[in-house]
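> What follows is final-v2.csv; its format and atoms are CSV, C-alpha atoms and all ligand atoms.
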chain,number,residue,atom,x,y,z
Y,120,MET,CA,-19.0,-49.0,-42.6
Y,121,THR,CA,-15.6,-47.7,-41.4
Y,122,THR,CA,-15.7,-45.4,-38.4
Y,123,SER,CA,-13.0,-43.0,-37.1
Y,124,LEU,CA,-12.8,-41.4,-33.8
Y,125,ARG,CA,-11.5,-37.8,-33.7
Y,126,ILE,CA,-10.6,-35.9,-30.6
Y,127,GLU,CA,-9.8,-32.2,-30.9
Y,128,GLY,CA,-8.7,-29.7,-28.3
Y,129,LEU,CA,-9.9,-31.9,-25.5
Y,130,SER,CA,-9.5,-30.7,-21.9
Y,131,ALA,CA,-11.0,-32.3,-18.9
Y,132,TRP,CA,-11.3,-31.7,-15.2
Y,133,HIS,CA,-11.6,-33.7,-12.0
Y,134,GLY,CA,-13.2,-30.9,-9.9
Y,135,GLN,CA,-10.7,-28.0,-10.1
Y,136,PHE,CA,-7.9,-30.2,-11.3
Y,137,ARG,CA,-7.2,-30.1,-15.1
Y,138,ALA,CA,-6.3,-33.7,-16.0
Y,139,LEU,CA,-6.3,-33.3,-19.8
Y,140,SER,CA,-5.2,-30.3,-21.8
Y,141,ASP,CA,-5.8,-29.6,-25.4
Y,142,VAL,CA,-5.6,-33.3,-26.5
Y,143,THR,CA,-5.9,-33.9,-30.2
Y,144,MET,CA,-5.7,-37.3,-31.7
Y,145,THR,CA,-7.5,-39.7,-34.1
Y,146,VAL,CA,-8.2,-43.4,-33.9
Y,147,GLU,CA,-8.8,-44.6,-37.4
Y,148,ALA,CA,-11.1,-47.4,-38.3
Y,149,GLY,CA,-9.5,-50.8,-37.7
Y,150,GLN,CA,-6.5,-49.2,-36.1
Y,151,SER,CA,-4.8,-50.3,-32.9
Y,152,LEU,CA,-3.4,-47.4,-30.9
Y,153,ALA,CA,-1.1,-47.7,-27.8
Y,154,LEU,CA,-1.9,-44.9,-25.3
Y,155,VAL,CA,1.1,-44.6,-23.0
Y,156,GLY,CA,2.4,-42.3,-20.3
Y,157,ALA,CA,3.5,-42.3,-16.7
Y,158,ASN,CA,1.3,-42.7,-13.6
Y,159,GLY,CA,-1.2,-39.8,-13.5
Y,160,ALA,CA,-0.6,-38.8,-17.1
Y,161,GLY,CA,-4.4,-38.9,-17.9
Y,162,LYS,CA,-4.7,-42.2,-19.7
Y,163,SER,CA,-7.7,-43.5,-17.7
Y,164,THR,CA,-9.3,-40.1,-17.6
Y,165,LEU,CA,-9.3,-40.1,-21.4
Y,166,LEU,CA,-10.7,-43.6,-21.8
Y,167,ARG,CA,-13.4,-43.0,-19.2
Y,168,LEU,CA,-14.3,-39.7,-20.8
Y,169,LEU,CA,-14.7,-41.4,-24.2
Y,170,CYS,CA,-17.1,-43.8,-22.6
Y,171,GLY,CA,-19.3,-41.1,-21.1
Y,172,LEU,CA,-17.9,-41.4,-17.6
Y,173,MET,CA,-16.5,-37.9,-17.2
Y,174,PRO,CA,-19.0,-35.0,-17.4
Y,175,ALA,CA,-16.5,-32.1,-17.1
Y,176,TRP,CA,-14.8,-31.6,-20.4
Y,177,GLU,CA,-14.4,-29.2,-23.3
Y,178,GLY,CA,-13.4,-29.8,-26.9
Y,179,MET,CA,-14.8,-31.9,-29.7
Y,180,ILE,CA,-15.1,-35.7,-30.0
Y,181,THR,CA,-16.7,-37.0,-33.1
Y,182,LEU,CA,-17.5,-40.4,-34.5
Y,183,ASP,CA,-17.6,-40.1,-38.3
Y,184,GLY,CA,-18.3,-36.4,-37.9
Y,185,ASN,CA,-21.1,-36.9,-35.4
Y,186,PRO,CA,-20.4,-35.3,-32.0
Y,187,LEU,CA,-20.3,-37.7,-29.0
Y,188,PRO,CA,-22.8,-36.9,-26.3
Y,189,LYS,CA,-21.3,-35.6,-23.1
Y,190,GLY,CA,-21.2,-37.6,-20.0
Y,191,ASN,CA,-23.6,-40.2,-21.2
Y,192,PRO,CA,-22.3,-43.8,-20.8
Y,193,ARG,CA,-25.4,-45.3,-22.4
Y,194,ALA,CA,-25.1,-43.1,-25.5
Y,195,ALA,CA,-21.4,-43.9,-25.8
Y,196,SER,CA,-22.1,-47.6,-25.6
Y,197,GLU,CA,-24.8,-47.3,-28.2
Y,198,CYS,CA,-22.4,-45.4,-30.5
Y,199,GLY,CA,-20.0,-48.4,-30.3
Y,200,LEU,CA,-17.5,-47.3,-27.6
Y,201,ALA,CA,-16.7,-49.9,-24.9
Y,202,LEU,CA,-14.3,-49.9,-21.9
Y,203,VAL,CA,-12.3,-52.7,-20.3
Y,204,PRO,CA,-11.7,-50.7,-17.1
Y,205,GLU,CA,-8.6,-50.6,-15.0
Y,206,GLY,CA,-9.1,-53.2,-12.2
Y,207,ARG,CA,-11.8,-55.0,-14.3
Y,208,LEU,CA,-14.8,-53.9,-12.1
Y,209,LEU,CA,-16.7,-57.2,-12.5
Y,210,PHE,CA,-20.0,-57.7,-10.8
Y,211,ASP,CA,-19.2,-60.3,-8.1
Y,212,SER,CA,-22.9,-60.9,-7.2
Y,213,LEU,CA,-23.5,-62.2,-10.8
Y,214,SER,CA,-22.3,-65.3,-12.6
Y,215,VAL,CA,-19.7,-65.2,-15.4
Y,216,GLU,CA,-22.5,-65.5,-18.0
Y,217,GLU,CA,-24.6,-62.8,-16.3
Y,218,ASN,CA,-21.6,-60.5,-16.4
Y,219,LEU,CA,-21.3,-61.1,-20.2
Y,220,LEU,CA,-25.0,-60.5,-20.8
Y,221,ILE,CA,-25.0,-57.2,-18.9
Y,222,GLY,CA,-22.7,-55.8,-21.6
Y,223,GLN,CA,-25.4,-56.2,-24.3
Y,224,THR,CA,-26.9,-52.9,-25.4
Y,225,GLY,CA,-28.8,-53.9,-28.5
Y,226,ARG,CA,-26.1,-53.1,-31.0
Y,227,SER,CA,-25.9,-55.8,-33.6
Y,228,GLY,CA,-22.7,-57.5,-34.6
Y,229,PRO,CA,-20.7,-60.7,-34.2
Y,230,TRP,CA,-20.1,-60.6,-30.5
Y,231,ASN,CA,-22.7,-62.8,-28.9
Y,232,LEU,CA,-22.2,-65.3,-26.0
Y,233,ALA,CA,-21.2,-68.1,-28.3
Y,234,ASN,CA,-18.5,-66.0,-30.0
Y,235,VAL,CA,-17.1,-64.7,-26.7
Y,236,TYR,CA,-16.9,-68.3,-25.4
Y,237,ASP,CA,-15.1,-69.3,-28.6
Y,238,LEU,CA,-12.6,-66.5,-28.0
Y,239,PHE,CA,-12.2,-67.5,-24.3
Y,240,PRO,CA,-13.1,-71.2,-23.8
Y,241,ALA,CA,-12.1,-70.9,-20.1
Y,242,LEU,CA,-15.1,-68.7,-19.6
Y,243,ALA,CA,-17.5,-71.2,-21.2
Y,244,GLU,CA,-16.3,-73.9,-18.7
Y,245,ARG,CA,-17.0,-71.5,-15.9
Y,246,ARG,CA,-20.1,-69.8,-17.1
Y,247,ARG,CA,-22.1,-70.5,-13.9
Y,248,GLN,CA,-19.3,-69.5,-11.5
Y,249,ASN,CA,-18.9,-66.3,-9.6
Y,250,PRO,CA,-16.1,-64.0,-11.0
Y,251,SER,CA,-14.3,-64.1,-7.7
Y,252,THR,CA,-13.5,-67.8,-8.2
Y,253,LEU,CA,-11.7,-67.0,-11.5
Y,254,SER,CA,-7.9,-66.5,-11.9
Y,255,GLY,CA,-6.7,-63.0,-12.7
Y,256,GLY,CA,-6.3,-63.8,-16.3
Y,257,GLN,CA,-9.8,-65.3,-16.6
Y,258,GLN,CA,-11.2,-62.2,-14.9
Y,259,GLN,CA,-9.5,-60.0,-17.5
Y,260,MET,CA,-10.9,-62.2,-20.2
Y,261,LEU,CA,-14.4,-61.7,-18.6
Y,262,ALA,CA,-13.9,-58.0,-18.6
Y,263,ILE,CA,-13.0,-58.0,-22.3
Y,264,GLY,CA,-15.9,-60.4,-23.1
Y,265,ARG,CA,-18.4,-58.1,-21.2
Y,266,ALA,CA,-17.2,-55.1,-23.3
Y,267,LEU,CA,-17.4,-57.2,-26.5
Y,268,THR,CA,-21.0,-58.2,-26.0
Y,269,SER,CA,-21.9,-54.5,-26.6
Y,270,ASN,CA,-20.5,-55.1,-30.1
Y,271,PRO,CA,-18.2,-52.1,-30.0
Y,272,LYS,CA,-16.5,-50.3,-32.9
Y,273,PHE,CA,-13.8,-49.1,-30.4
Y,274,LEU,CA,-12.5,-51.1,-27.5
Y,275,PHE,CA,-10.6,-49.2,-24.9
Y,276,CYS,CA,-8.4,-51.5,-22.7
Y,277,ASP,CA,-7.1,-49.9,-19.6
Y,278,GLU,CA,-4.0,-51.6,-17.9
Y,279,ILE,CA,-4.7,-54.7,-19.9
Y,280,SER,CA,-1.9,-56.8,-18.5
Y,281,LEU,CA,-1.8,-55.5,-14.9
Y,282,GLY,CA,-1.0,-58.4,-12.5
Y,283,LEU,CA,-1.1,-61.1,-15.1
Y,284,SER,CA,1.6,-63.7,-15.8
Y,285,PRO,CA,3.6,-63.4,-19.0
Y,286,MET,CA,1.8,-66.5,-20.4
Y,287,VAL,CA,-1.6,-65.1,-19.7
Y,288,VAL,CA,-0.6,-61.7,-21.1
Y,289,GLY,CA,0.3,-63.5,-24.4
Y,290,GLU,CA,-3.2,-65.1,-24.4
Y,291,VAL,CA,-4.9,-61.8,-23.8
Y,292,TYR,CA,-3.0,-60.1,-26.6
Y,293,ALA,CA,-3.6,-63.0,-29.0
Y,294,ALA,CA,-7.4,-62.6,-28.2
Y,295,LEU,CA,-7.1,-58.8,-28.9
Y,296,ASP,CA,-5.6,-59.6,-32.3
Y,297,LYS,CA,-8.6,-61.8,-33.1
Y,298,VAL,CA,-11.0,-59.0,-31.9
Y,299,ARG,CA,-9.2,-56.5,-34.2
Y,300,ALA,CA,-9.5,-59.0,-37.1
Y,301,GLN,CA,-13.3,-58.7,-36.6
Y,302,GLY,CA,-13.0,-54.9,-37.4
Y,303,VAL,CA,-12.9,-53.5,-33.9
Y,304,SER,CA,-10.4,-50.6,-33.4
Y,305,LEU,CA,-8.3,-50.9,-30.2
Y,306,VAL,CA,-6.9,-48.4,-27.8
Y,307,ILE,CA,-4.5,-50.2,-25.4
Y,308,VAL,CA,-3.1,-48.8,-22.2
Y,309,ASP,CA,-0.4,-51.0,-20.7
Y,310,GLN,CA,2.5,-50.3,-18.3
Y,311,ASP,CA,4.4,-52.7,-20.5
Y,312,VAL,CA,5.0,-50.1,-23.2
Y,313,ARG,CA,6.9,-52.4,-25.5
Y,314,ARG,CA,4.1,-54.9,-25.5
Y,315,ALA,CA,1.5,-52.3,-26.2
Y,316,CYS,CA,3.5,-50.8,-29.0
Y,317,ALA,CA,4.1,-54.2,-30.5
Y,318,ALA,CA,0.4,-54.7,-30.8
Y,319,ALA,CA,-0.2,-51.2,-32.2
Y,320,ASP,CA,0.0,-49.2,-35.4
Y,321,GLU,CA,0.2,-45.8,-33.7
Y,322,VAL,CA,1.4,-44.6,-30.3
Y,323,VAL,CA,0.3,-41.5,-28.3
Y,324,CYS,CA,2.1,-40.6,-25.2
Y,325,LEU,CA,0.5,-38.3,-22.5
Y,326,PHE,CA,2.5,-36.3,-20.0
Y,327,LYS,CA,0.6,-34.4,-17.3
Y,328,GLY,CA,-2.5,-34.4,-19.5
Y,329,LEU,CA,-0.7,-33.1,-22.7
Y,330,VAL,CA,0.2,-35.1,-25.8
Y,331,SER,CA,4.0,-35.4,-25.6
Y,332,HIS,CA,4.4,-37.8,-28.5
Y,333,ARG,CA,2.4,-39.2,-31.3
Y,334,GLY,CA,3.6,-41.3,-34.3
Y,335,SER,CA,3.9,-44.7,-35.8
Y,336,ALA,CA,4.4,-47.5,-33.3
Y,337,ALA,CA,7.0,-49.1,-35.6
Y,338,ASP,CA,9.2,-46.0,-35.3
Y,339,VAL,CA,9.1,-45.9,-31.5
Y,340,THR,CA,12.5,-46.2,-29.8
Y,341,PRO,CA,13.3,-46.4,-26.1
Y,342,ALA,CA,14.7,-42.9,-26.4
Y,343,THR,CA,11.6,-41.4,-27.9
Y,344,ILE,CA,9.4,-42.9,-25.3
Y,345,LYS,CA,11.7,-42.0,-22.5
Y,346,THR,CA,11.7,-38.4,-23.6
Y,347,ALA,CA,7.9,-38.3,-24.0
Y,348,TYR,CA,7.3,-40.0,-20.6
Y,349,PHE,CA,9.3,-37.3,-18.9
Y,350,GLY,CA,7.6,-34.5,-20.6
Y,351,VAL,CA,9.6,-32.9,-23.5
Y,352,ALA,CA,6.9,-31.8,-25.9
Y,353,PRO,CA,7.4,-32.5,-29.6
T,401,LIG,N1,-11.6,-39.0,-9.3
T,401,LIG,C1,-10.5,-38.2,-9.3
T,401,LIG,N2,-10.5,-37.1,-8.6
T,401,LIG,C2,-9.5,-36.2,-8.6
T,401,LIG,N3,-8.4,-36.4,-9.3
T,401,LIG,C3,-8.3,-37.5,-10.1
T,401,LIG,C4,-9.4,-38.4,-10.1
T,401,LIG,N4,-9.0,-39.4,-11.0
T,401,LIG,C5,-7.8,-39.1,-11.5
T,401,LIG,N5,-7.4,-37.9,-10.9
T,401,LIG,C6,-6.1,-37.3,-11.2
T,401,LIG,O1,-6.1,-37.0,-12.6
T,401,LIG,C7,-4.8,-37.2,-13.1
T,401,LIG,C8,-4.8,-38.3,-14.2
T,401,LIG,O2,-5.2,-39.5,-13.6
T,401,LIG,P1,-5.5,-40.8,-14.5
T,401,LIG,O3,-6.0,-41.8,-13.6
T,401,LIG,O4,-6.2,-40.5,-15.7
T,401,LIG,O5,-4.0,-41.1,-14.9
T,401,LIG,P2,-3.4,-42.5,-15.6
T,401,LIG,O6,-2.5,-42.0,-16.7
T,401,LIG,O7,-4.5,-43.4,-15.9
T,401,LIG,O8,-2.4,-43.0,-14.4
T,401,LIG,P3,-2.1,-44.5,-14.0
T,401,LIG,O9,-1.0,-45.0,-14.9
T,401,LIG,O10,-1.6,-44.4,-12.6
T,401,LIG,O11,-3.3,-45.4,-14.1
T,401,LIG,C9,-3.9,-37.7,-11.9
T,401,LIG,O12,-3.2,-36.5,-11.4
T,401,LIG,C10,-4.9,-38.2,-10.9
T,401,LIG,O13,-4.5,-38.0,-9.6
T,402,MG,MG,-4.9,-45.3,-15.3
Could you write out this structure as structure tokens?
Ligand SMILES: Nc1ncnc2c1ncn2[C@@H]1O[C@H](COP(=O)(O)OP(=O)(O)OP(=O)(O)O)[C@@H](O)[C@H]1O
Ligand SMILES: [Mg+2]

Amino acid sequence: MTTSLRIEGLSAWHGQFRALSDVTMTVEAGQSLALVGANGAGKSTLLRLLCGLMPAWEGMITLDGNPLPKGNPRAASECGLALVPEGRLLFDSLSVEENLLIGQTGRSGPWNLANVYDLFPALAERRRQNPSTLSGGQQQMLAIGRALTSNPKFLFCDEISLGLSPMVVGEVYAALDKVRAQGVSLVIVDQDVRRACAAADEVVCLFKGLVSHRGSAADVTPATIKTAYFGVAP
């Protein structure tokens, strides 16, 4: 079954501070969307909100017309939404394999341990190790693998290439291509806007919590992104 994620008139608050204002966007089934914007634009807030980690929001989020429960990470995961968080947030007291197993939520699908190890052989070799012994790239692979074991329909990747060497970034994006080929929709946040747009069909730019640009990733030019980054609304 195809699933689309619709966000309409979404506003969100950190305490008194309004971090998102009237955000409307759609992620179509099988699509890859680059979510870009300057520091503090609201990208992480939006991804965390979609995964049930922000209780204070207004608006409508639907998955195939069904409203997403508010502030409920377990429900979001069971609906097929998974986050690769900024900074990875691995469980250092657990092994690599235990980190992968903790992602399982009971949703069925292709992403079991064996398939994650096929995608990232370096993790298979290190399955009994502690995440702190892994390289930065391997840790990012583990964070992706942990999200995949929940068998998501939508995978939200926050700051996917932060701190990684160009070669490892290439490996991570190649893995994301394979994930998408399995029918998982992607939302990619990356400071390397060119890289994110190259892997995407659509691009949405946020500026101070507002959508300042949306369109086809193929049509993005440095000028359109620059304008959107610095806040001239469409
Ligand atoms: N826990 C919080 N408490 C208060 N304000 C917050 C909190 N988290 C984020 N903010 C504020 O909300 C706004 C959006 O932050 P967010 O982290 O979503 O931006 P971002 O686009 O992900 O930025 P970056 O590129 O730096 O990761 C910023 O002004 C930030 O300071
Ligand atoms: Mg962020």
> Taking all atoms listed in the file into account, report as JSON, numbers by chain which residues have an atom no farther than 12 Å from an atom of ligand MG 402 (chain T).
{"Y": [138, 154, 155, 156, 157, 158, 159, 160, 161, 162, 163, 164, 165, 166, 167, 203, 204, 205, 206, 207, 275, 276, 277, 278, 279, 281, 307, 308, 309, 310, 325, 328]}
> To one decimal in Å, tell me the separation between CA of Arg137 (chain Y) and atom O5 of ligand LIG 401 (chain T).
11.5 Å
> Pull the neighbourhood of (-17.0, -48.1, -29.3) for me: all residues within 10 Å in file coordinates, counting all atoms listed in the file, as a ChimeraX atom specification.
/Y:122,124,169-170,182,195-202,266-267,269-275,303-305
> Could you jot down the CA of Glu321 (chain Y) to atom N4 of ligand LIG 401 (chain T) separation for me, Å, one decimal place?
25.3 Å
> Compare Y:Val215, Y:Ala294, Y:Leu129, Y:Gly225 by their minimum atom-to-atom distance to Asp237 (chain Y), counting only C-alpha atoms, and give me the closest one.
Y:Ala294
> Of the candidates Y:Met179, Y:Ala347, Y:Cys324, Y:Met144, which one gets nearest to ligand LIG 401 (chain T) if we count all atoms listed in the file?
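Distance minimum relative to ligand LIG 401 (chain T) lands on Y:Cys324.
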> Have a look at CA of Phe239 (chain Y) and CA of Ser151 (chain Y) and let me know their distance in Å, one decimal.
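So the two atoms, CA of Phe239 (chain Y) and CA of Ser151 (chain Y), lie 20.6 Å apart.
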> Which residue is closest to Leu172 (chain Y)? Choose from Y:Ala131, Y:Ala315, Y:Leu253, Y:Ala337 and count only C-alpha atoms.
Y:Ala131
> So which residues fall inside 8 Å of (-22.6, -58.9, -20.6) if we count only C-alpha atoms? Mind giving them as an mmCIF file with C-alpha atoms, keeping the file's coordinate frame?

data_model
loop_
_atom_site.group_PDB
_atom_site.id
_atom_site.type_symbol
_atom_site.label_atom_id
_atom_site.label_comp_id
_atom_site.auth_asym_id
_atom_site.auth_seq_id
_atom_site.Cartn_x
_atom_site.Cartn_y
_atom_site.Cartn_z
ATOM 1 C CA GLU Y 216 -22.500 -65.500 -18.000
ATOM 2 C CA GLU Y 217 -24.600 -62.800 -16.300
ATOM 3 C CA ASN Y 218 -21.600 -60.500 -16.400
ATOM 4 C CA LEU Y 219 -21.300 -61.100 -20.200
ATOM 5 C CA LEU Y 220 -25.000 -60.500 -20.800
ATOM 6 C CA ILE Y 221 -25.000 -57.200 -18.900
ATOM 7 C CA GLY Y 222 -22.700 -55.800 -21.600
ATOM 8 C CA GLN Y 223 -25.400 -56.200 -24.300
ATOM 9 C CA GLY Y 264 -15.900 -60.400 -23.100
ATOM 10 C CA ARG Y 265 -18.400 -58.100 -21.200
ATOM 11 C CA ALA Y 266 -17.200 -55.100 -23.300
ATOM 12 C CA THR Y 268 -21.000 -58.200 -26.000
ATOM 13 C CA SER Y 269 -21.900 -54.500 -26.600
#
